[in-house]
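Source file: protein-v4.csv (CSV, C-alpha atoms)
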```
chain,number,residue,atom,x,y,z
M,61,MET,CA,-133.9,163.1,88.9
M,62,SER,CA,-132.9,160.7,91.6
M,63,PRO,CA,-130.9,162.4,94.3
M,64,GLU,CA,-128.4,159.6,94.9
M,65,PRO,CA,-126.5,157.1,92.8
M,66,ARG,CA,-128.3,153.7,92.3
M,67,THR,CA,-125.7,151.7,94.1
M,68,LEU,CA,-126.1,153.9,97.2
M,69,ARG,CA,-129.9,153.7,97.0
M,70,LEU,CA,-129.7,149.9,96.9
M,71,VAL,CA,-127.6,149.9,100.1
M,72,PHE,CA,-130.0,152.3,101.8
M,73,HIS,CA,-133.0,150.2,100.8
M,74,LYS,CA,-131.5,147.0,102.1
M,75,ARG,CA,-130.5,148.5,105.5
M,76,LEU,CA,-133.9,150.2,105.8
M,77,ALA,CA,-135.7,146.9,105.1
M,78,GLN,CA,-133.5,145.2,107.7
M,79,LEU,CA,-134.4,147.9,110.2
M,80,ARG,CA,-138.1,147.3,109.6
M,81,SER,CA,-137.8,143.6,109.9
M,82,GLU,CA,-136.1,144.1,113.3
M,83,ILE,CA,-138.8,146.4,114.6
M,84,PRO,CA,-142.3,145.4,113.6
M,85,ALA,CA,-143.8,148.7,114.8
M,86,VAL,CA,-142.0,150.5,112.0
M,87,LEU,CA,-144.5,151.6,109.3
M,88,LEU,CA,-142.0,153.4,107.2
M,89,ALA,CA,-138.2,153.7,107.1
M,90,ALA,CA,-136.7,156.1,104.5
M,91,ILE,CA,-133.7,158.2,103.7
M,92,ALA,CA,-134.0,161.7,102.2
M,93,THR,CA,-131.6,164.3,101.1
M,94,GLU,CA,-131.4,167.4,103.4
M,95,ASP,CA,-133.2,169.4,100.7
M,96,GLY,CA,-136.2,167.2,100.7
M,97,LEU,CA,-135.8,164.6,97.9
M,98,LEU,CA,-136.6,161.0,98.8
M,99,SER,CA,-133.6,158.6,98.1
M,100,ALA,CA,-134.8,155.2,99.3
M,101,THR,CA,-137.4,153.6,101.5
M,102,ASP,CA,-137.7,150.2,103.2
M,103,GLU,CA,-140.0,149.2,100.3
M,104,SER,CA,-138.1,150.6,97.3
M,105,ALA,CA,-134.7,151.8,96.3
M,106,GLU,CA,-136.4,153.9,93.6
M,107,PRO,CA,-139.2,155.8,95.2
M,108,SER,CA,-140.4,159.1,93.7
M,109,PRO,CA,-137.8,161.7,94.7
M,110,LEU,CA,-140.7,164.2,94.9
M,111,ASP,CA,-142.6,162.2,97.5
M,112,ARG,CA,-144.1,164.9,99.7
M,113,ARG,CA,-143.0,163.2,103.0
M,114,ALA,CA,-139.3,163.9,102.3
M,115,ALA,CA,-140.0,167.6,101.7
M,116,VAL,CA,-142.1,167.9,105.0
M,117,VAL,CA,-139.3,166.1,106.9
M,118,SER,CA,-136.7,168.4,105.4
M,119,SER,CA,-138.7,171.5,106.5
M,120,LEU,CA,-139.3,170.0,109.9
M,121,THR,CA,-135.6,169.3,110.5
M,122,ALA,CA,-134.6,172.7,109.3
M,123,VAL,CA,-137.1,174.3,111.7
M,124,ALA,CA,-135.8,172.1,114.5
M,125,ARG,CA,-132.2,173.2,113.7
M,126,SER,CA,-133.3,176.9,113.8
M,127,ALA,CA,-135.0,176.4,117.1
M,128,ALA,CA,-131.9,174.5,118.5
M,129,ARG,CA,-129.7,177.4,117.2
M,130,GLU,CA,-131.8,180.0,118.9
M,131,LEU,CA,-131.8,178.1,122.2
M,132,LYS,CA,-128.0,177.5,121.8
M,133,LEU,CA,-128.5,173.7,121.9
M,134,LYS,CA,-126.2,173.0,119.0
M,135,GLU,CA,-127.1,170.6,116.2
M,136,PRO,CA,-130.2,168.5,116.8
M,137,ARG,CA,-129.3,164.8,116.9
M,138,CYS,CA,-132.8,163.6,116.4
M,139,VAL,CA,-136.3,165.1,115.9
M,140,VAL,CA,-139.1,163.2,117.6
M,141,ILE,CA,-142.8,163.9,117.0
M,142,ASP,CA,-145.0,161.9,119.4
M,143,CYS,CA,-148.5,161.7,118.0
M,144,ARG,CA,-151.8,160.0,119.1
M,145,GLN,CA,-151.4,157.3,116.5
M,146,GLY,CA,-147.6,156.9,116.3
M,147,VAL,CA,-144.2,158.4,116.4
M,148,LEU,CA,-142.0,160.0,113.8
M,149,LEU,CA,-138.2,159.9,114.3
M,150,VAL,CA,-135.9,161.9,112.1
M,151,ARG,CA,-132.2,161.4,112.4
M,152,PRO,CA,-129.8,163.7,110.4
M,153,PHE,CA,-126.5,162.0,109.4
M,154,GLY,CA,-123.6,162.4,107.1
M,155,LYS,CA,-120.9,165.0,106.6
M,156,PRO,CA,-120.4,167.2,104.7
M,157,ARG,CA,-123.4,166.1,102.7
M,158,LYS,CA,-126.3,165.5,105.2
M,159,ARG,CA,-129.1,163.1,104.8
M,160,LEU,CA,-132.2,162.4,106.8
M,161,LEU,CA,-133.1,159.0,108.2
M,162,LEU,CA,-136.8,159.0,109.0
M,163,VAL,CA,-138.8,156.3,110.7
M,164,GLN,CA,-142.5,156.1,111.4
M,165,LEU,CA,-143.8,153.9,114.1
M,166,ASN,CA,-147.3,152.8,114.9
M,167,ASP,CA,-146.5,151.9,118.5
M,168,PRO,CA,-145.2,154.6,120.8
M,169,GLY,CA,-144.1,151.9,123.2
M,170,GLU,CA,-141.4,150.9,120.7
M,171,ALA,CA,-140.0,154.4,120.4
M,172,GLY,CA,-137.1,153.9,122.7
M,173,ARG,CA,-135.9,150.7,120.9
M,174,ALA,CA,-136.5,152.4,117.5
M,175,LEU,CA,-134.5,155.4,118.6
M,176,THR,CA,-131.6,153.3,119.6
M,177,ALA,CA,-131.7,151.4,116.3
M,178,VAL,CA,-132.1,154.7,114.3
M,179,HIS,CA,-129.0,156.1,116.0
M,180,ALA,CA,-127.0,152.9,115.4
M,181,LEU,CA,-128.0,152.8,111.7
M,182,ALA,CA,-127.3,156.5,111.1
M,183,HIS,CA,-123.9,156.0,112.8
M,184,GLU,CA,-123.1,153.0,110.7
M,185,LEU,CA,-124.1,154.7,107.4
M,186,GLN,CA,-122.1,157.8,108.4
M,187,GLU,CA,-119.0,155.8,109.1
M,188,ARG,CA,-119.3,154.0,105.8
M,189,LEU,CA,-119.8,157.2,103.9
M,190,ALA,CA,-117.0,159.0,105.7
M,191,PRO,CA,-114.1,157.6,103.7
M,192,ALA,CA,-115.8,158.7,100.5
M,193,SER,CA,-116.3,162.2,101.9
M,194,ARG,CA,-112.6,162.4,102.8
M,195,GLN,CA,-111.7,161.2,99.3
M,196,ALA,CA,-114.0,163.8,97.8
M,197,ASP,CA,-112.4,166.5,100.0
M,198,ASP,CA,-108.9,165.4,99.0
M,199,ALA,CA,-109.9,165.3,95.4
M,200,ALA,CA,-111.4,168.8,95.6
M,201,ASN,CA,-108.2,170.1,97.2
M,202,ALA,CA,-105.8,168.4,94.8
M,203,PRO,CA,-104.5,170.1,91.6
M,204,HIS,CA,-106.6,168.9,88.6
M,205,SER,CA,-104.8,167.3,85.7
M,206,PRO,CA,-105.9,166.0,82.3
M,207,ALA,CA,-105.3,162.5,83.6
M,208,ASP,CA,-107.9,163.2,86.3
M,209,GLU,CA,-110.4,164.3,83.7
M,210,GLU,CA,-109.8,161.1,81.7
M,211,ARG,CA,-110.2,158.9,84.8
M,212,ASP,CA,-113.3,160.8,85.9
M,213,ALA,CA,-115.0,160.0,82.6
M,214,GLU,CA,-114.6,156.3,83.1
M,215,PRO,CA,-117.4,154.0,84.2
M,216,GLY,CA,-117.9,154.2,87.9
M,217,SER,CA,-117.0,157.9,87.9
M,218,PRO,CA,-119.5,160.5,89.2
M,219,GLN,CA,-120.3,161.2,85.5
M,220,ASP,CA,-121.9,157.8,85.1
M,221,GLY,CA,-124.1,158.3,88.2
M,222,THR,CA,-122.0,156.2,90.5
M,223,SER,CA,-120.4,158.5,93.1
M,224,ASP,CA,-117.3,158.0,95.2
M,225,GLU,CA,-119.6,157.4,98.1
M,226,ALA,CA,-121.3,154.6,96.3
M,227,ARG,CA,-118.0,152.9,95.2
M,228,THR,CA,-116.8,153.1,98.8
M,229,ILE,CA,-119.9,151.5,100.0
M,230,ASP,CA,-119.3,148.6,97.6
M,231,ALA,CA,-115.6,148.4,98.4
M,232,PRO,CA,-114.2,145.5,100.4
M,233,PRO,CA,-114.2,145.5,104.2
M,234,PRO,CA,-113.1,146.3,107.0
M,235,LEU,CA,-116.7,146.7,107.9
M,236,PRO,CA,-118.9,145.5,110.8
M,237,ALA,CA,-121.0,142.4,110.2
M,238,PRO,CA,-124.3,144.1,109.2
M,239,ALA,CA,-122.5,146.0,106.5
M,240,ALA,CA,-120.9,142.9,105.1
M,241,GLU,CA,-124.3,141.3,104.9
M,242,ILE,CA,-125.6,144.2,102.9
M,243,ARG,CA,-122.8,143.8,100.4
M,244,ALA,CA,-123.3,140.1,100.1
M,245,ALA,CA,-127.0,140.4,99.6
W,1121,MET,CA,-146.6,199.5,117.8
W,1122,SER,CA,-148.2,197.3,115.2
W,1123,ALA,CA,-146.5,194.3,113.4
W,1124,TYR,CA,-147.3,193.4,109.8
W,1125,ARG,CA,-146.3,190.3,108.0
W,1126,ILE,CA,-145.0,190.5,104.4
W,1127,VAL,CA,-144.3,187.3,102.4
W,1128,PHE,CA,-141.5,186.9,99.8
W,1129,ALA,CA,-142.2,184.3,97.2
W,1130,GLY,CA,-140.9,183.1,93.9
W,1131,PRO,CA,-138.8,180.3,92.3
W,1132,ILE,CA,-135.5,179.0,93.6
W,1133,GLY,CA,-132.7,181.4,93.1
W,1134,ALA,CA,-135.0,184.5,92.6
W,1135,GLY,CA,-133.5,186.2,95.6
W,1136,LYS,CA,-136.0,185.8,98.5
W,1137,THR,CA,-133.4,185.0,101.1
W,1138,THR,CA,-131.1,187.7,99.7
W,1139,ALA,CA,-133.9,190.3,99.9
W,1140,ILE,CA,-134.8,189.5,103.5
W,1141,THR,CA,-131.2,189.6,104.5
W,1142,ALA,CA,-130.8,193.0,102.8
W,1143,LEU,CA,-133.9,194.4,104.5
W,1144,SER,CA,-133.7,192.9,108.0
W,1145,ASP,CA,-132.5,195.0,111.0
W,1146,VAL,CA,-131.7,191.8,112.8
W,1147,PRO,CA,-129.7,188.8,111.7
W,1148,PRO,CA,-132.2,186.8,109.7
W,1149,VAL,CA,-133.3,183.3,110.7
W,1150,THR,CA,-132.8,181.1,107.7
W,1151,THR,CA,-133.3,177.4,106.9
W,1152,GLU,CA,-130.9,176.9,104.1
W,1153,VAL,CA,-129.3,173.6,103.3
W,1154,ALA,CA,-126.9,172.4,100.6
W,1155,SER,CA,-128.6,171.4,97.4
W,1156,ASP,CA,-127.7,170.1,94.0
W,1157,GLU,CA,-130.8,171.7,92.7
W,1158,ALA,CA,-129.6,175.1,93.9
W,1159,ARG,CA,-126.2,174.5,92.3
W,1160,ALA,CA,-128.0,174.3,89.0
W,1161,VAL,CA,-129.0,177.9,89.4
W,1162,GLY,CA,-125.6,179.1,90.6
W,1163,LYS,CA,-126.1,178.8,94.3
W,1164,GLU,CA,-124.9,176.4,97.0
W,1165,THR,CA,-128.0,176.3,99.2
W,1166,THR,CA,-131.7,176.5,99.1
W,1167,THR,CA,-134.4,177.4,101.7
W,1168,VAL,CA,-136.4,174.4,102.9
W,1169,ALA,CA,-138.8,175.9,105.5
W,1170,PHE,CA,-138.7,179.7,105.7
W,1171,ASP,CA,-136.6,182.8,106.1
W,1172,TYR,CA,-137.4,185.4,108.7
W,1173,GLY,CA,-136.3,189.0,109.3
W,1174,GLN,CA,-137.6,192.2,110.9
W,1175,LEU,CA,-137.7,195.8,109.7
W,1176,LEU,CA,-138.6,198.6,112.0
W,1177,LEU,CA,-140.3,201.5,110.1
W,1178,ASP,CA,-140.0,205.2,111.0
W,1179,SER,CA,-143.6,205.1,112.2
W,1180,GLY,CA,-142.5,202.6,114.9
W,1181,ASP,CA,-144.4,199.8,113.2
W,1182,LEU,CA,-142.6,196.5,112.7
W,1183,VAL,CA,-142.6,194.6,109.4
W,1184,LEU,CA,-142.1,190.9,109.8
W,1185,LEU,CA,-140.4,189.5,106.6
W,1186,TYR,CA,-141.1,185.9,105.8
W,1187,GLY,CA,-139.5,184.1,102.9
W,1188,THR,CA,-141.0,180.9,101.4
W,1189,PRO,CA,-139.1,177.9,99.8
W,1190,GLY,CA,-139.3,178.2,96.1
W,1191,GLN,CA,-139.7,174.6,95.0
W,1192,ALA,CA,-143.3,173.3,94.5
W,1193,ARG,CA,-142.6,170.3,96.7
W,1194,PHE,CA,-142.5,172.7,99.6
W,1195,ASP,CA,-145.9,174.3,98.8
W,1196,PHE,CA,-147.3,172.9,102.0
W,1197,MET,CA,-145.3,175.7,103.7
W,1198,TRP,CA,-146.8,178.5,101.6
W,1199,PRO,CA,-150.2,178.8,103.3
W,1200,ILE,CA,-148.5,178.5,106.7
W,1201,ILE,CA,-146.2,181.4,105.9
W,1202,ALA,CA,-148.8,183.5,104.1
W,1203,GLU,CA,-151.4,183.3,106.9
W,1204,ASN,CA,-152.3,186.8,108.1
W,1205,ALA,CA,-149.9,188.4,105.7
W,1206,ILE,CA,-150.9,191.9,104.4
W,1207,GLY,CA,-148.8,191.8,101.3
W,1208,ALA,CA,-146.6,189.6,99.1
W,1209,VAL,CA,-143.5,190.4,97.2
W,1210,ILE,CA,-143.2,188.0,94.2
W,1211,LEU,CA,-139.6,187.8,92.9
W,1212,ALA,CA,-138.9,186.7,89.4
W,1213,ASP,CA,-135.7,185.6,87.7
W,1214,ASN,CA,-135.5,187.1,84.3
W,1215,SER,CA,-132.8,184.8,83.2
W,1216,ARG,CA,-135.3,181.9,83.0
W,1217,ALA,CA,-137.1,181.2,79.7
W,1218,ASP,CA,-140.4,180.7,81.5
W,1219,SER,CA,-140.1,183.6,83.9
W,1220,VAL,CA,-143.3,185.5,82.9
W,1221,ALA,CA,-145.5,182.4,83.1
W,1222,GLN,CA,-143.9,181.3,86.3
W,1223,THR,CA,-144.5,184.7,87.9
W,1224,VAL,CA,-148.1,184.7,86.9
W,1225,GLN,CA,-148.4,181.3,88.5
W,1226,TYR,CA,-146.8,182.5,91.8
W,1227,VAL,CA,-149.2,185.5,91.9
W,1228,ARG,CA,-152.1,183.2,91.3
W,1229,GLU,CA,-150.9,181.1,94.2
W,1230,PHE,CA,-150.3,183.8,96.7
W,1231,ALA,CA,-152.8,186.6,95.8
W,1232,PRO,CA,-155.8,184.7,97.2
W,1233,ARG,CA,-153.9,184.1,100.4
W,1234,ILE,CA,-153.0,187.7,101.0
W,1235,ALA,CA,-155.3,190.4,102.4
W,1236,ALA,CA,-157.0,192.0,99.4
W,1237,GLY,CA,-154.5,190.3,97.1
W,1238,ASN,CA,-151.9,193.0,97.6
W,1239,CYS,CA,-148.8,191.9,95.7
W,1240,ILE,CA,-145.9,193.4,93.9
W,1241,VAL,CA,-143.5,191.8,91.4
W,1242,GLY,CA,-139.8,192.4,91.5
W,1243,ILE,CA,-137.8,191.2,88.4
W,1244,GLY,CA,-134.3,190.2,89.1
W,1245,ARG,CA,-131.3,189.8,86.7
W,1246,ALA,CA,-133.0,192.2,84.3
W,1247,ASP,CA,-129.7,194.0,83.6
W,1248,ALA,CA,-128.1,191.0,82.2
W,1249,HIS,CA,-131.3,189.6,80.7
W,1250,PRO,CA,-133.4,192.6,79.5
W,1251,SER,CA,-136.0,190.4,77.8
W,1252,PRO,CA,-138.8,189.8,78.7
W,1253,ALA,CA,-139.5,193.5,79.6
W,1254,VAL,CA,-141.5,194.8,82.5
W,1255,ASP,CA,-144.4,195.4,80.1
W,1256,ASP,CA,-144.4,191.7,79.2
W,1257,TYR,CA,-145.0,190.9,82.9
W,1258,HIS,CA,-147.7,193.6,83.2
W,1259,ASP,CA,-149.5,192.3,80.1
W,1260,ALA,CA,-149.4,188.7,81.2
W,1261,LEU,CA,-150.6,189.6,84.8
W,1262,ALA,CA,-153.3,191.8,83.4
W,1263,GLU,CA,-154.5,189.1,81.2
W,1264,ALA,CA,-154.7,186.8,84.2
W,1265,GLY,CA,-156.7,189.5,86.0
W,1266,PHE,CA,-154.0,191.0,88.2
W,1267,GLN,CA,-153.3,194.8,88.2
W,1268,ILE,CA,-150.2,194.9,90.3
W,1269,PRO,CA,-147.0,196.9,90.2
W,1270,VAL,CA,-144.0,195.4,88.5
W,1271,MET,CA,-140.4,196.7,88.7
W,1272,ALA,CA,-136.9,195.6,87.8
W,1273,VAL,CA,-134.8,195.3,91.0
W,1274,ASP,CA,-131.5,194.0,92.3
W,1275,VAL,CA,-132.5,192.8,95.7
W,1276,ARG,CA,-128.8,192.5,96.8
W,1277,ARG,CA,-129.1,196.3,97.1
W,1278,ARG,CA,-131.0,197.3,100.2
W,1279,GLU,CA,-132.4,200.4,98.5
W,1280,HIS,CA,-133.9,198.3,95.8
W,1281,ALA,CA,-135.4,195.9,98.3
W,1282,LEU,CA,-136.7,198.9,100.3
W,1283,LEU,CA,-138.3,200.3,97.1
W,1284,LEU,CA,-140.2,197.1,96.6
W,1285,LEU,CA,-141.4,197.2,100.2
W,1286,ASP,CA,-142.2,200.9,100.2
W,1287,THR,CA,-144.3,200.5,97.0
W,1288,LEU,CA,-146.2,197.6,98.5
W,1289,LEU,CA,-146.9,199.4,101.8
W,1290,ALA,CA,-147.9,202.6,99.9
W,1291,ARG,CA,-150.3,200.6,97.9
W,1292,LEU,CA,-151.7,199.1,101.1
W,1293,GLU,CA,-152.0,202.5,102.6
W,1294,ALA,CA,-153.8,203.8,99.6
W,1295,ALA,CA,-156.3,201.0,99.8
W,1296,ARG,CA,-156.7,201.8,103.5
W,1297,HIS,CA,-156.3,198.2,104.5
W,1298,VAL,CA,-154.1,198.3,107.5
W,1299,ILE,CA,-151.3,200.9,107.6
```
Could you write out this structure as structure tokens?
Amino acid sequence: MSPEPRTLRLVFHKRLAQLRSEIPAVLLAAIATEDGLLSATDESAEPSPLDRRAAVVSSLTAVARSAARELKLKEPRCVVIDCRQGVLLVRPFGKPRKRLLLVQLNDPGEAGRALTAVHALAHELQERLAPASRQADDAANAPHSPADEERDAEPGSPQDGTSDEARTIDAPPPLPAPAAEIRAA
Amino acid sequence: MSAYRIVFAGPIGAGKTTAITALSDVPPVTTEVASDEARAVGKETTTVAFDYGQLLLDSGDLVLLYGTPGQARFDFMWPIIAENAIGAVILADNSRADSVAQTVQYVREFAPRIAAGNCIVGIGRADAHPSPAVDDYHDALAEAGFQIPVMAVDVRRREHALLLLDTLLARLEAARHVI
């Protein structure tokens, strides 16, 4: 019951591992769906979707969003929990389908640097997913033909578990250097 | 004026958010997000933290309506939401094959968390799916040791949702717990 196509999970996994290698204070870097299913971590592209941490972070972000709405602060860009033994950062990203980038740190002194890196990674992933989202929107708005159905059933179509987003991620550049590294890896 | 907390629980798609929206005097606070899981049961979104609404009774008392997320992975929210609640409305989806067993499971989960175990079961989609019958729920709950009211409802209709709430509050009053 993985919440994301495998290709996309692999991309997430590689970028999360890269983030962790850049910031040693990172204990966990992961991406979850907005409804609380774990997609990928820095350690694995195939974690248990039902990992409790994803559900907790999903609830936390939803509560933060409700609080922000009540206080007329608009959408939260990041949720930060500063604890005695570390820091949790949660950065929602993606549109229209939202995902949650979560990072756990064991050194509060690294929170600033980690926050900058988290924003940058979320922005990068969002930019790379955006063309697919636009394609999906266009496809949804276009008249549906029998030819479309035939094409949709081919390998690489959403039916075989590889979404438009995943194919866009694997598509050739233009992409910034870090993204190109991911594809080459 | 007193304020009392009532919890709405049940599986995804059972109508918890709908019931609170129907009952609340104020725009409800919801934490719904898009979900593939919800689409599987004919919805676009699912609650991931809680729903909240308020209902002012004729007595001047305020009922605080809290809805739980339905999926088991959010069960860490259940005790938080149920804390200090005086009653629970357990909603069932009669279109599901395992609805009776699932309902008993939710009652088992929430009754110990609620003052004196005051619960009521509302069965949704019973018009289109008449089986299992109300008696089947009664029997299964009785077998599990729960003597609680069960009724078929359409929580999209405010009067049905109110009937559930009135029955629960009347039961509480009869037991002289709070109201």
Residue among M:Val150, M:Val71, M:Leu189, M:Leu97 lying closest to chain W, counting all atoms listed in the file: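 Smallest separation from chain W among the options: M:Leu97.
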Sorted per-residue table, chain W near chain M, closest atoms and distance, 7 Å, all atoms listed in the file, as CSV:
```
residue,atom,partner,partner_atom,distance
W:Thr1151,CA,M:Ala122,CA,5.4
W:Val1153,CA,M:Asp95,CA,6.3
W:Ala1154,CA,M:Asp95,CA,7.0
W:Ser1155,CA,M:Asp95,CA,6.0
W:Val1168,CA,M:Ser119,CA,5.2
W:Ala1169,CA,M:Ser119,CA,4.5
W:Arg1193,CA,M:Ala115,CA,6.2
W:Phe1194,CA,M:Ala115,CA,6.1
```
Let me see the file: selected residues, C-alpha atoms, as an mmCIF file, in the coordinates of the input.
```cif
data_model
loop_
_atom_site.group_PDB
_atom_site.id
_atom_site.type_symbol
_atom_site.label_atom_id
_atom_site.label_comp_id
_atom_site.auth_asym_id
_atom_site.auth_seq_id
_atom_site.Cartn_x
_atom_site.Cartn_y
_atom_site.Cartn_z
ATOM 1 C CA THR W 1151 -133.300 177.400 106.900
ATOM 2 C CA VAL W 1153 -129.300 173.600 103.300
ATOM 3 C CA ALA W 1154 -126.900 172.400 100.600
ATOM 4 C CA SER W 1155 -128.600 171.400 97.400
ATOM 5 C CA VAL W 1168 -136.400 174.400 102.900
ATOM 6 C CA ALA W 1169 -138.800 175.900 105.500
ATOM 7 C CA ARG W 1193 -142.600 170.300 96.700
ATOM 8 C CA PHE W 1194 -142.500 172.700 99.600
#
```
Need the neighbours of (-142.7, 191.9, 112.3): which residues are at most 10 Å away, counting all atoms listed in the file, as a short mmCIF file (atom, residue, chain, number, x, y, z; two decimals) with C-alpha atoms, in the coordinates of the input?
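So selection.cif came out as:
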```cif
data_model
loop_
_atom_site.label_atom_id
_atom_site.label_comp_id
_atom_site.auth_asym_id
_atom_site.auth_seq_id
_atom_site.Cartn_x
_atom_site.Cartn_y
_atom_site.Cartn_z
CA SER W 1122 -148.20 197.30 115.20
CA ALA W 1123 -146.50 194.30 113.40
CA TYR W 1124 -147.30 193.40 109.80
CA ARG W 1125 -146.30 190.30 108.00
CA ILE W 1126 -145.00 190.50 104.40
CA TYR W 1172 -137.40 185.40 108.70
CA GLY W 1173 -136.30 189.00 109.30
CA GLN W 1174 -137.60 192.20 110.90
CA LEU W 1175 -137.70 195.80 109.70
CA LEU W 1176 -138.60 198.60 112.00
CA ASP W 1181 -144.40 199.80 113.20
CA LEU W 1182 -142.60 196.50 112.70
CA VAL W 1183 -142.60 194.60 109.40
CA LEU W 1184 -142.10 190.90 109.80
CA LEU W 1185 -140.40 189.50 106.60
CA TYR W 1186 -141.10 185.90 105.80
#
```
Distance CA of Pro1199 (chain W)-CA of Ala1129 (chain W), one decimal place?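 Separation of CA of Pro1199 (chain W) and CA of Ala1129 (chain W): 11.5 Å.
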Please provide the set of residues having any atom within 10 Å of Arg1291 (chain W), restricted to only C-alpha atoms, with same-chain residues fewer than 2 positions apart removed, written as a PyMOL selection string. chain W and resi 1207+1238-1240+1268-1269+1285-1289+1293-1297+1299
Between CA of Val178 (chain M) and CA of Glu103 (chain M), what distance in Å does the model show, to one decimal?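 Straight-line distance from CA of Val178 (chain M) to CA of Glu103 (chain M) works out to 17.0 Å.
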May I have the protein, DNA and RNA residues with an atom at most 10 Å from (-149.6, 184.7, 91.0), counting all atoms listed in the file in the file's coordinates, returned as number ranges by chain? W: 1129-1130, 1208, 1210, 1221-1232, 1237, 1239-1241, 1261, 1264-1266
Dump as a CSV table (one decimal), in the coordinates of the input, selection limited to C-alpha atoms:
```csv
chain,number,residue,atom,x,y,z
W,1129,ALA,CA,-142.2,184.3,97.2
W,1130,GLY,CA,-140.9,183.1,93.9
W,1208,ALA,CA,-146.6,189.6,99.1
W,1210,ILE,CA,-143.2,188.0,94.2
W,1221,ALA,CA,-145.5,182.4,83.1
W,1222,GLN,CA,-143.9,181.3,86.3
W,1223,THR,CA,-144.5,184.7,87.9
W,1224,VAL,CA,-148.1,184.7,86.9
W,1225,GLN,CA,-148.4,181.3,88.5
W,1226,TYR,CA,-146.8,182.5,91.8
W,1227,VAL,CA,-149.2,185.5,91.9
W,1228,ARG,CA,-152.1,183.2,91.3
W,1229,GLU,CA,-150.9,181.1,94.2
W,1230,PHE,CA,-150.3,183.8,96.7
W,1231,ALA,CA,-152.8,186.6,95.8
W,1232,PRO,CA,-155.8,184.7,97.2
W,1237,GLY,CA,-154.5,190.3,97.1
W,1239,CYS,CA,-148.8,191.9,95.7
W,1240,ILE,CA,-145.9,193.4,93.9
W,1241,VAL,CA,-143.5,191.8,91.4
W,1261,LEU,CA,-150.6,189.6,84.8
W,1264,ALA,CA,-154.7,186.8,84.2
W,1265,GLY,CA,-156.7,189.5,86.0
W,1266,PHE,CA,-154.0,191.0,88.2
```
Suppose you want the space between CA of Ala190 (chain M) and CA of Leu76 (chain M); what is it in Å? 19.1 Å
Tell me which protein, DNA and RNA residues are within 8 Å of region 1157-1159 of chain W, counting all atoms listed in the file, leaving out same-chain ones fewer than 5 positions away, and put them as a PyMOL selection string. chain W and resi 1132-1133+1164-1166
Selection file, C-alpha atoms, as a PDB file, in the coordinates of the input:
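Result file follows (selection.pdb):
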```pdb
ATOM      1  CA  ILE W1132    -135.500 179.000  93.600  1.00  0.00           C
ATOM      2  CA  GLY W1133    -132.700 181.400  93.100  1.00  0.00           C
ATOM      3  CA  GLU W1164    -124.900 176.400  97.000  1.00  0.00           C
ATOM      4  CA  THR W1165    -128.000 176.300  99.200  1.00  0.00           C
ATOM      5  CA  THR W1166    -131.700 176.500  99.100  1.00  0.00           C
TER       6      THR W1166
END
```
